[in-house]
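The file target.txt comes next; it holds compact mmCIF, C-alpha atoms (C1' of nucleotides).
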```txt
# COMPACT_ATOMS: atom_id res chain seq x y z
CA MET H 248 -114.75 160.42 -2.72
CA GLN H 249 -113.59 161.81 0.58
CA LEU H 250 -110.03 162.88 1.31
CA ALA H 251 -108.81 163.96 4.73
CA THR H 252 -105.65 165.14 6.43
CA TRP H 253 -104.63 164.94 10.08
CA ASN H 254 -101.37 165.70 11.84
CA VAL H 255 -101.60 163.15 14.65
CA ASN H 256 -98.43 164.08 16.61
CA SER H 257 -97.38 160.46 17.22
CA LEU H 258 -99.32 157.67 15.53
CA LYS H 259 -98.31 155.34 18.34
CA VAL H 260 -100.19 157.42 20.89
CA ARG H 261 -103.03 158.45 18.56
CA LEU H 262 -103.70 155.11 16.81
CA PRO H 263 -106.87 154.32 18.78
CA GLN H 264 -108.21 157.80 17.98
CA VAL H 265 -107.37 157.42 14.30
CA LEU H 266 -109.10 154.03 14.12
CA ALA H 267 -112.15 155.40 15.95
CA TRP H 268 -112.25 158.43 13.68
CA LEU H 269 -112.10 156.24 10.55
CA ALA H 270 -114.94 154.12 11.90
CA GLN H 271 -117.03 157.29 12.17
CA ASN H 272 -115.59 158.89 9.02
CA PRO H 273 -114.92 156.13 6.49
CA VAL H 274 -113.03 158.41 4.11
CA ASP H 275 -111.41 157.00 0.97
CA ALA H 276 -108.02 158.40 1.91
CA LEU H 277 -106.61 159.82 5.12
CA CYS H 278 -103.28 161.62 4.97
CA LEU H 279 -101.36 161.54 8.24
CA GLN H 280 -98.40 163.60 9.40
CA GLU H 281 -95.99 163.43 12.30
CA LEU H 282 -96.12 159.67 12.72
CA LYS H 283 -93.01 159.86 14.92
CA LEU H 284 -92.50 156.18 14.20
CA ASP H 285 -89.62 154.22 12.80
CA HIS H 286 -90.57 152.99 9.31
CA ASP H 287 -90.74 149.38 10.51
CA LYS H 288 -93.03 150.24 13.40
CA PHE H 289 -95.93 151.38 11.24
CA PRO H 290 -99.16 149.68 12.47
CA LEU H 291 -100.20 148.35 9.05
CA GLN H 292 -102.11 145.42 10.50
CA ALA H 293 -104.42 147.68 12.51
CA PHE H 294 -105.44 149.49 9.32
CA LYS H 295 -105.78 146.27 7.33
CA GLU H 296 -108.20 144.97 9.94
CA ILE H 297 -110.56 147.84 9.26
CA GLY H 298 -110.27 147.55 5.49
CA TYR H 299 -107.58 150.05 4.62
CA HIS H 300 -104.29 149.94 2.72
CA ALA H 301 -101.42 152.25 3.56
CA SER H 302 -98.41 153.94 2.03
CA TRP H 303 -96.00 155.53 4.47
CA ALA H 304 -92.56 156.94 5.07
CA GLY H 305 -91.40 156.80 8.65
CA GLN H 306 -88.33 157.57 10.70
CA LYS H 307 -87.34 157.45 14.32
CA THR H 308 -88.64 160.17 16.68
CA TYR H 309 -89.65 162.88 14.22
CA ASN H 310 -91.66 163.57 11.07
CA GLY H 311 -93.17 160.65 9.13
CA VAL H 312 -96.18 160.71 6.77
CA ALA H 313 -98.75 158.25 5.46
CA VAL H 314 -101.73 157.83 3.17
CA ILE H 315 -104.32 155.41 4.56
CA SER H 316 -106.60 154.38 1.69
CA ARG H 317 -109.54 152.14 0.85
CA ALA H 318 -107.92 151.24 -2.45
CA GLN H 319 -104.41 149.95 -2.98
CA GLY H 320 -102.20 152.79 -4.12
CA LEU H 321 -99.86 152.72 -7.11
CA ASN H 322 -96.58 154.45 -8.01
CA GLU H 323 -95.61 155.33 -4.46
CA THR H 324 -93.10 158.15 -4.08
CA ARG H 325 -91.31 158.84 -0.82
CA ASN H 326 -89.93 162.30 -0.18
CA ILE H 327 -89.08 164.84 -2.87
CA PRO H 328 -87.16 163.11 -5.65
CA GLY H 329 -83.72 164.63 -6.12
CA TYR H 330 -83.92 166.57 -2.85
CA ASP H 331 -81.55 164.94 -0.42
CA ASP H 332 -83.33 165.05 2.93
CA PRO H 333 -83.26 162.54 5.79
CA GLN H 334 -86.50 164.04 7.16
CA GLN H 335 -89.48 162.01 5.97
CA ARG H 336 -92.02 164.65 5.00
CA VAL H 337 -93.72 163.46 1.80
CA ILE H 338 -95.53 160.36 0.59
CA ALA H 339 -97.40 160.22 -2.71
CA THR H 340 -99.62 157.50 -4.12
CA THR H 341 -102.04 157.16 -7.01
CA LEU H 342 -105.61 156.08 -6.24
CA PRO H 343 -108.67 155.37 -8.38
CA PHE H 344 -111.00 158.33 -8.94
CA GLY H 345 -114.10 157.10 -10.75
CA GLN H 346 -112.90 155.96 -14.18
CA GLU H 347 -109.77 158.07 -13.74
CA SER H 348 -107.07 158.29 -11.11
CA ILE H 349 -105.98 160.85 -8.56
CA ARG H 350 -102.50 161.54 -7.21
CA VAL H 351 -102.78 161.92 -3.45
CA ILE H 352 -99.88 163.51 -1.60
CA SER H 353 -99.45 163.71 2.18
CA ALA H 354 -97.04 166.49 3.14
CA TYR H 355 -95.54 167.61 6.43
CA CYS H 356 -93.95 170.95 5.63
CA PRO H 357 -91.22 172.15 8.00
CA ASN H 358 -92.15 174.34 10.93
CA GLY H 359 -89.22 176.74 10.72
CA GLN H 360 -89.00 177.37 14.48
CA SER H 361 -88.27 181.12 14.24
CA LEU H 362 -87.45 183.66 11.56
CA ASP H 363 -83.76 183.74 12.51
CA SER H 364 -83.34 179.96 12.69
CA ASP H 365 -81.49 177.64 10.31
CA LYS H 366 -84.72 175.70 10.32
CA TYR H 367 -86.45 178.68 8.74
CA VAL H 368 -83.89 178.70 5.93
CA TYR H 369 -84.51 174.96 5.52
CA LYS H 370 -88.27 175.55 5.46
CA LEU H 371 -88.09 178.02 2.57
CA ASP H 372 -85.60 175.82 0.72
CA TRP H 373 -87.85 172.81 1.23
CA PHE H 374 -90.86 174.67 -0.16
CA LYS H 375 -88.85 175.60 -3.23
CA ALA H 376 -87.92 171.95 -3.84
CA PHE H 377 -91.50 170.85 -3.14
CA ALA H 378 -92.82 173.33 -5.70
CA GLN H 379 -90.33 172.17 -8.31
CA TRP H 380 -91.39 168.59 -7.80
CA LEU H 381 -95.13 169.40 -7.82
CA LYS H 382 -94.61 171.15 -11.12
CA VAL H 383 -93.28 167.88 -12.53
CA GLU H 384 -96.10 165.89 -10.91
CA LYS H 385 -98.61 168.20 -12.60
CA GLN H 386 -97.19 167.25 -15.96
CA THR H 387 -97.82 163.56 -15.33
CA HIS H 388 -101.04 163.61 -13.32
CA ARG H 389 -104.23 165.45 -14.21
CA HIS H 390 -105.91 165.15 -10.82
CA ILE H 391 -103.72 165.96 -7.84
CA ALA H 392 -104.68 166.55 -4.19
CA VAL H 393 -101.94 167.73 -1.85
CA LEU H 394 -103.04 167.39 1.74
CA GLY H 395 -101.12 168.08 4.87
CA ASP H 396 -99.67 170.28 7.53
CA TYR H 397 -98.23 173.21 5.58
CA ASN H 398 -97.16 175.12 8.67
CA VAL H 399 -98.33 178.31 6.97
CA ALA H 400 -101.46 180.31 7.74
CA PRO H 401 -102.28 181.78 4.32
CA LYS H 402 -103.92 185.01 5.52
CA ASP H 403 -104.56 186.96 8.70
CA GLU H 404 -108.11 185.58 8.72
CA ASP H 405 -106.49 182.19 9.37
CA VAL H 406 -104.95 183.40 12.64
CA HIS H 407 -106.91 184.01 15.84
CA ASN H 408 -104.84 187.03 16.82
CA PRO H 409 -102.75 188.24 13.88
CA GLU H 410 -101.19 191.13 15.82
CA LYS H 411 -99.63 188.70 18.30
CA TRP H 412 -98.21 186.55 15.52
CA VAL H 413 -96.29 189.29 13.75
CA GLY H 414 -92.64 188.29 13.48
CA GLN H 415 -93.31 184.62 14.12
CA VAL H 416 -93.21 181.56 11.91
CA LEU H 417 -96.36 180.38 10.11
CA VAL H 418 -97.36 183.90 9.07
CA SER H 419 -94.26 185.64 7.67
CA ASP H 420 -94.38 187.07 4.15
CA PRO H 421 -91.74 184.68 2.72
CA GLU H 422 -93.66 181.67 4.08
CA ARG H 423 -96.93 182.95 2.68
CA ALA H 424 -95.19 183.59 -0.63
CA ALA H 425 -93.82 180.03 -0.59
CA LEU H 426 -97.34 178.64 -0.11
CA ALA H 427 -98.71 181.00 -2.77
CA ALA H 428 -96.05 179.72 -5.16
CA LEU H 429 -97.46 176.21 -4.74
CA VAL H 430 -100.99 177.46 -5.34
CA ASP H 431 -99.79 179.37 -8.41
CA LEU H 432 -98.72 176.08 -10.01
CA GLY H 433 -102.44 175.51 -10.49
CA PHE H 434 -103.95 174.54 -7.15
CA THR H 435 -106.83 175.81 -5.04
CA ASP H 436 -107.25 175.86 -1.26
CA ALA H 437 -110.36 173.66 -1.07
CA PHE H 438 -111.44 175.19 2.23
CA ARG H 439 -111.87 178.62 0.66
CA LEU H 440 -114.03 177.33 -2.16
CA PHE H 441 -116.90 177.51 0.31
CA GLU H 442 -118.33 179.91 2.80
CA GLN H 443 -116.85 179.04 6.18
CA PRO H 444 -117.49 180.01 9.77
CA PRO H 445 -115.22 182.87 10.83
CA LYS H 446 -112.33 181.87 13.10
CA SER H 447 -111.94 178.43 11.52
CA PHE H 448 -108.70 176.83 12.62
CA SER H 449 -106.98 173.43 12.39
CA TRP H 450 -104.33 173.72 15.13
CA TRP H 451 -104.49 174.93 18.72
CA ASP H 452 -101.55 175.08 21.13
CA TYR H 453 -101.72 172.58 23.96
CA ARG H 454 -100.96 175.41 26.37
CA MET H 455 -103.00 178.27 27.73
CA ASN H 456 -106.40 176.67 27.12
CA SER H 457 -105.99 177.56 23.47
CA PHE H 458 -108.63 175.17 22.21
CA LYS H 459 -111.22 176.34 24.73
CA ARG H 460 -110.51 179.94 23.73
CA ASN H 461 -110.40 178.98 20.02
CA ALA H 462 -106.97 180.58 19.90
CA GLY H 463 -105.77 178.65 16.86
CA VAL H 464 -104.39 178.93 13.37
CA ARG H 465 -105.38 177.31 10.08
CA ILE H 466 -102.25 175.61 8.78
CA ASP H 467 -103.59 172.23 7.57
CA HIS H 468 -104.77 172.47 4.00
CA VAL H 469 -106.22 170.53 1.09
CA LEU H 470 -104.84 171.84 -2.19
CA LEU H 471 -106.70 170.61 -5.27
CA SER H 472 -105.51 170.78 -8.85
CA GLU H 473 -107.81 172.97 -10.93
CA SER H 474 -109.18 169.84 -12.62
CA LEU H 475 -110.67 168.81 -9.26
CA VAL H 476 -112.26 172.11 -8.32
CA PRO H 477 -115.52 171.42 -10.20
CA HIS H 478 -115.70 168.04 -8.41
CA CYS H 479 -115.32 169.46 -4.91
CA GLN H 480 -118.60 169.43 -2.99
CA SER H 481 -117.39 170.54 0.43
CA CYS H 482 -114.39 171.08 2.64
CA ILE H 483 -114.77 171.16 6.39
CA ILE H 484 -112.68 171.13 9.54
CA ASP H 485 -113.74 168.46 12.04
CA LYS H 486 -112.98 170.02 15.41
CA GLY H 487 -114.19 166.92 17.26
CA PRO H 488 -110.88 165.07 17.71
CA ARG H 489 -109.19 168.14 19.21
CA GLY H 490 -111.61 167.75 22.11
CA ASN H 491 -110.63 164.11 22.73
CA GLU H 492 -108.80 162.95 25.81
CA GLN H 493 -105.06 163.07 25.04
CA PRO H 494 -105.64 164.79 21.68
CA SER H 495 -103.31 165.74 18.87
CA ASP H 496 -102.86 169.50 18.72
CA HIS H 497 -104.20 169.36 15.13
CA THR H 498 -107.64 168.29 13.94
CA PRO H 499 -108.74 166.72 10.62
CA VAL H 500 -109.73 168.60 7.46
CA ILE H 501 -112.02 166.73 5.05
CA ALA H 502 -112.78 167.40 1.39
CA THR H 503 -115.60 165.66 -0.46
CA LEU H 504 -115.28 165.16 -4.22
CA SER H 505 -117.84 163.82 -6.67
CA PHE H 506 -116.79 161.94 -9.81
C1' DA Y 250 -90.51 188.56 29.23
C1' DT Y 251 -91.40 184.00 30.32
C1' DG Y 252 -93.63 179.78 30.31
C1' DG Y 253 -97.20 177.18 29.55
C1' DC Y 254 -98.19 171.30 27.00
C1' DG Y 255 -97.07 166.93 24.92
C1' DC Y 256 -94.07 163.48 22.67
C1' DT Y 257 -89.54 161.21 22.12
C1' DG Y 258 -85.41 158.77 23.78
C1' DC Y 259 -78.87 155.22 25.24
C1' DA Y 260 -84.10 159.84 29.56
C1' DT Y 261 -85.14 161.42 35.09
C1' DC Y 262 -83.96 166.39 31.33
C1' DA Y 263 -83.31 168.42 26.53
C1' DG Y 264 -84.91 168.90 21.73
C1' DC Y 265 -88.67 169.93 19.14
C1' DG Y 266 -93.12 171.29 17.74
C1' DA Y 267 -96.22 175.73 16.14
```
Show the structure stored in the file as structure tokens.
Amino acid sequence: MQLATWNVNSLKVRLPQVLAWLAQNPVDALCLQELKLDHDKFPLQAFKEIGYHASWAGQKTYNGVAVISRAQGLNETRNIPGYDDPQQRVIATTLPFGQESIRVISAYCPNGQSLDSDKYVYKLDWFKAFAQWLKVEKQTHRHIAVLGDYNVAPKDEDVHNPEKWVGQVLVSDPERAALAALVDLGFTDAFRLFEQPPKSFSWWDYRMNSFKRNAGVRIDHVLLSESLVPHCQSCIIDKGPRGNEQPSDHTPVIATLSF
DNA sequence: ATGGCGCTGCATCAGCGA
């Protein structure tokens, strides 16, 4: 089974690229973030035509998440239950995993803007609520994969130029602690299960030729419950789509699991 | 130190992203 995540920065603009990518990479589930689409504008038909189902949570202009899947999902959950938030940042669905099932969650964690911003306070608060909910999810689901844009680079090795990022969002100690708190619930960063090329990133700024210079950060992650770790065969970043014409600023991360 | 790029919308610029 293959699971992938991709922040597409507008599904309306990126739909042809997503469809083309799925044709080349027929993964079992693709988690999308930043749809930037009103819920009713989701292009379900386009995915149906290529043999996929979808669960999504959309809103006008900002945010929005989806799980595109080969199988029909069950027990869909939108956003963090009990956490009152108009921003659509979470969609969860349960998919078949061999004879068992797997809870697949697509998450778009807040950016935070800057360390002195209200949005930074919201980011840390959101992570706390997300962790509380994941703790509950872990009690009801054995296999859980949480894929998405976490907007946190876990370590300095995940940042092209750590010195320049000091004091900025994505790398601050409280953000890294918030991500670590999720991991400590019993998850593993699938990417780091394997030897990886140095300077592996999943996001590059549109400006300053960042992609050409590989001046990126690794903020898109696949977290696997410990039950899934022995099943994980690989986890790779597909840099291809970042080189497309009119690309998203993020590129897909793909994990392969065996039953 | 600033802006740079791209997307959105009661738009012709501002808010936001990371």
Using only C-alpha atoms (C1' of nucleotides), find each residue in chain H having at least one atom no more than 12 Å away from chain Y; report its shortest atom-to-atom pair and that distance in Å (one decimal), rows by chain then rising number, as a Markdown table.
```
| residue | atom | partner | partner_atom | distance |
| --- | --- | --- | --- | --- |
| H:Asn254 | CA | Y:DG266 | C1' | 11.6 |
| H:Val255 | CA | Y:DC256 | C1' | 11.0 |
| H:Asn256 | CA | Y:DC256 | C1' | 7.5 |
| H:Ser257 | CA | Y:DC256 | C1' | 7.1 |
| H:Leu258 | CA | Y:DC256 | C1' | 10.6 |
| H:Lys259 | CA | Y:DC256 | C1' | 10.1 |
| H:Val260 | CA | Y:DC256 | C1' | 8.8 |
| H:Arg261 | CA | Y:DC256 | C1' | 11.1 |
| H:Glu281 | CA | Y:DG266 | C1' | 10.0 |
| H:Leu282 | CA | Y:DC256 | C1' | 10.8 |
| H:Lys283 | CA | Y:DT257 | C1' | 8.1 |
| H:Leu284 | CA | Y:DT257 | C1' | 9.8 |
| H:Asp285 | CA | Y:DT257 | C1' | 11.7 |
| H:Lys307 | CA | Y:DT257 | C1' | 8.9 |
| H:Thr308 | CA | Y:DT257 | C1' | 5.6 |
| H:Tyr309 | CA | Y:DT257 | C1' | 8.1 |
| H:Asn310 | CA | Y:DG266 | C1' | 10.3 |
| H:Cys356 | CA | Y:DA267 | C1' | 11.8 |
| H:Pro357 | CA | Y:DG266 | C1' | 10.0 |
| H:Asn358 | CA | Y:DA267 | C1' | 6.8 |
| H:Gly359 | CA | Y:DA267 | C1' | 8.9 |
| H:Gln360 | CA | Y:DA267 | C1' | 7.6 |
| H:Ser361 | CA | Y:DA267 | C1' | 9.8 |
| H:Lys366 | CA | Y:DC265 | C1' | 11.3 |
| H:Asp396 | CA | Y:DA267 | C1' | 10.8 |
| H:Tyr397 | CA | Y:DA267 | C1' | 11.0 |
| H:Asn398 | CA | Y:DA267 | C1' | 7.6 |
| H:Val399 | CA | Y:DA267 | C1' | 9.8 |
| H:Ala400 | CA | Y:DA267 | C1' | 10.9 |
| H:Trp412 | CA | Y:DA267 | C1' | 11.0 |
| H:Gln415 | CA | Y:DA267 | C1' | 9.6 |
| H:Val416 | CA | Y:DA267 | C1' | 7.8 |
| H:Leu417 | CA | Y:DA267 | C1' | 7.6 |
| H:Val418 | CA | Y:DA267 | C1' | 10.9 |
| H:Ser449 | CA | Y:DA267 | C1' | 11.6 |
| H:Trp450 | CA | Y:DA267 | C1' | 8.4 |
| H:Trp451 | CA | Y:DA267 | C1' | 8.7 |
| H:Asp452 | CA | Y:DA267 | C1' | 7.3 |
| H:Tyr453 | CA | Y:DC254 | C1' | 4.8 |
| H:Arg454 | CA | Y:DC254 | C1' | 5.0 |
| H:Met455 | CA | Y:DG253 | C1' | 6.2 |
| H:Asn456 | CA | Y:DG253 | C1' | 9.5 |
| H:Ser457 | CA | Y:DC254 | C1' | 10.6 |
| H:Gly463 | CA | Y:DA267 | C1' | 10.0 |
| H:Val464 | CA | Y:DA267 | C1' | 9.2 |
| H:Arg465 | CA | Y:DA267 | C1' | 11.1 |
| H:Ile466 | CA | Y:DA267 | C1' | 9.5 |
| H:Asp467 | CA | Y:DA267 | C1' | 11.8 |
| H:Gln493 | CA | Y:DG255 | C1' | 8.9 |
| H:Pro494 | CA | Y:DG255 | C1' | 9.4 |
| H:Ser495 | CA | Y:DG255 | C1' | 8.8 |
| H:Asp496 | CA | Y:DG255 | C1' | 8.9 |
| H:His497 | CA | Y:DA267 | C1' | 10.3 |
```
With 3 Å of padding per side, what axis-aligned box (centre and edge lengths, Å, one decimal) covers all the listed atoms of segment 319-332 of chain H? Give it as lines of an AutoDock Vina configuration file.
```
center_x = -93.0
center_y = 158.3
center_z = -2.5
size_x = 28.9
size_y = 22.6
size_z = 16.9
```
Figure out the distance between atom CA of Gln443 of chain H and atom CA of Arg317 of chain H, please, to one decimal in Å. 28.4 Å
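Each of H:Pro444, H:Ser474, H:Gly320, H:Trp253 was checked against His388 of chain H using all atoms listed in the file; the smallest atom-to-atom distance is that of H:Ser474.
Rounded to one decimal, atom CA of Ile391 of chain H and atom CA of Lys288 of chain H lie 28.5 Å from each other.
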Please compute the atom CA of Phe506 of chain H-atom CA of Thr341 of chain H distance, one decimal, in Å.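 The value is 15.8 Å.
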Mind checking which residues fall within 7 Å of Thr324 of chain H, counting all atoms listed in the file, ignoring those fewer than 5 positions away in the same chain, and posting them as a PyMOL selection string? chain H and resi 338-340
Output for the residues just chosen: C-alpha atoms as a short mmCIF file (atom, residue, chain, number, x, y, z; two decimals), keeping the file's coordinate frame:
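result-v2.cif, freshly written:
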```cif
data_model
loop_
_atom_site.label_atom_id
_atom_site.label_comp_id
_atom_site.auth_asym_id
_atom_site.auth_seq_id
_atom_site.Cartn_x
_atom_site.Cartn_y
_atom_site.Cartn_z
CA ILE H 338 -95.53 160.36 0.59
CA ALA H 339 -97.40 160.22 -2.71
CA THR H 340 -99.62 157.50 -4.12
#
```
Spatial neighbours of Ala425 of chain H, max dist 9 Å, all atoms listed in the file, sep filter under 4 positions, as a ChimeraX atom specification: /H:371,374-375,378,399,420-421,429-430
Write out as a PDB file with C-alpha atoms, keeping the file's coordinate frame which residues come within 10 Å of Ser447 of chain H when counting all atoms listed in the file, dropping same-chain ones fewer than 6 positions away.
```pdb
ATOM      1  CA  GLU H 404    -108.110 185.580   8.720  1.00  0.00           C
ATOM      2  CA  ASP H 405    -106.490 182.190   9.370  1.00  0.00           C
ATOM      3  CA  VAL H 406    -104.950 183.400  12.640  1.00  0.00           C
ATOM      4  CA  HIS H 407    -106.910 184.010  15.840  1.00  0.00           C
ATOM      5  CA  PHE H 438    -111.440 175.190   2.230  1.00  0.00           C
ATOM      6  CA  ASN H 461    -110.400 178.980  20.020  1.00  0.00           C
ATOM      7  CA  ALA H 462    -106.970 180.580  19.900  1.00  0.00           C
ATOM      8  CA  GLY H 463    -105.770 178.650  16.860  1.00  0.00           C
ATOM      9  CA  VAL H 464    -104.390 178.930  13.370  1.00  0.00           C
ATOM     10  CA  ARG H 465    -105.380 177.310  10.080  1.00  0.00           C
ATOM     11  CA  ILE H 483    -114.770 171.160   6.390  1.00  0.00           C
ATOM     12  CA  ILE H 484    -112.680 171.130   9.540  1.00  0.00           C
ATOM     13  CA  LYS H 486    -112.980 170.020  15.410  1.00  0.00           C
TER      14      LYS H 486
END
```
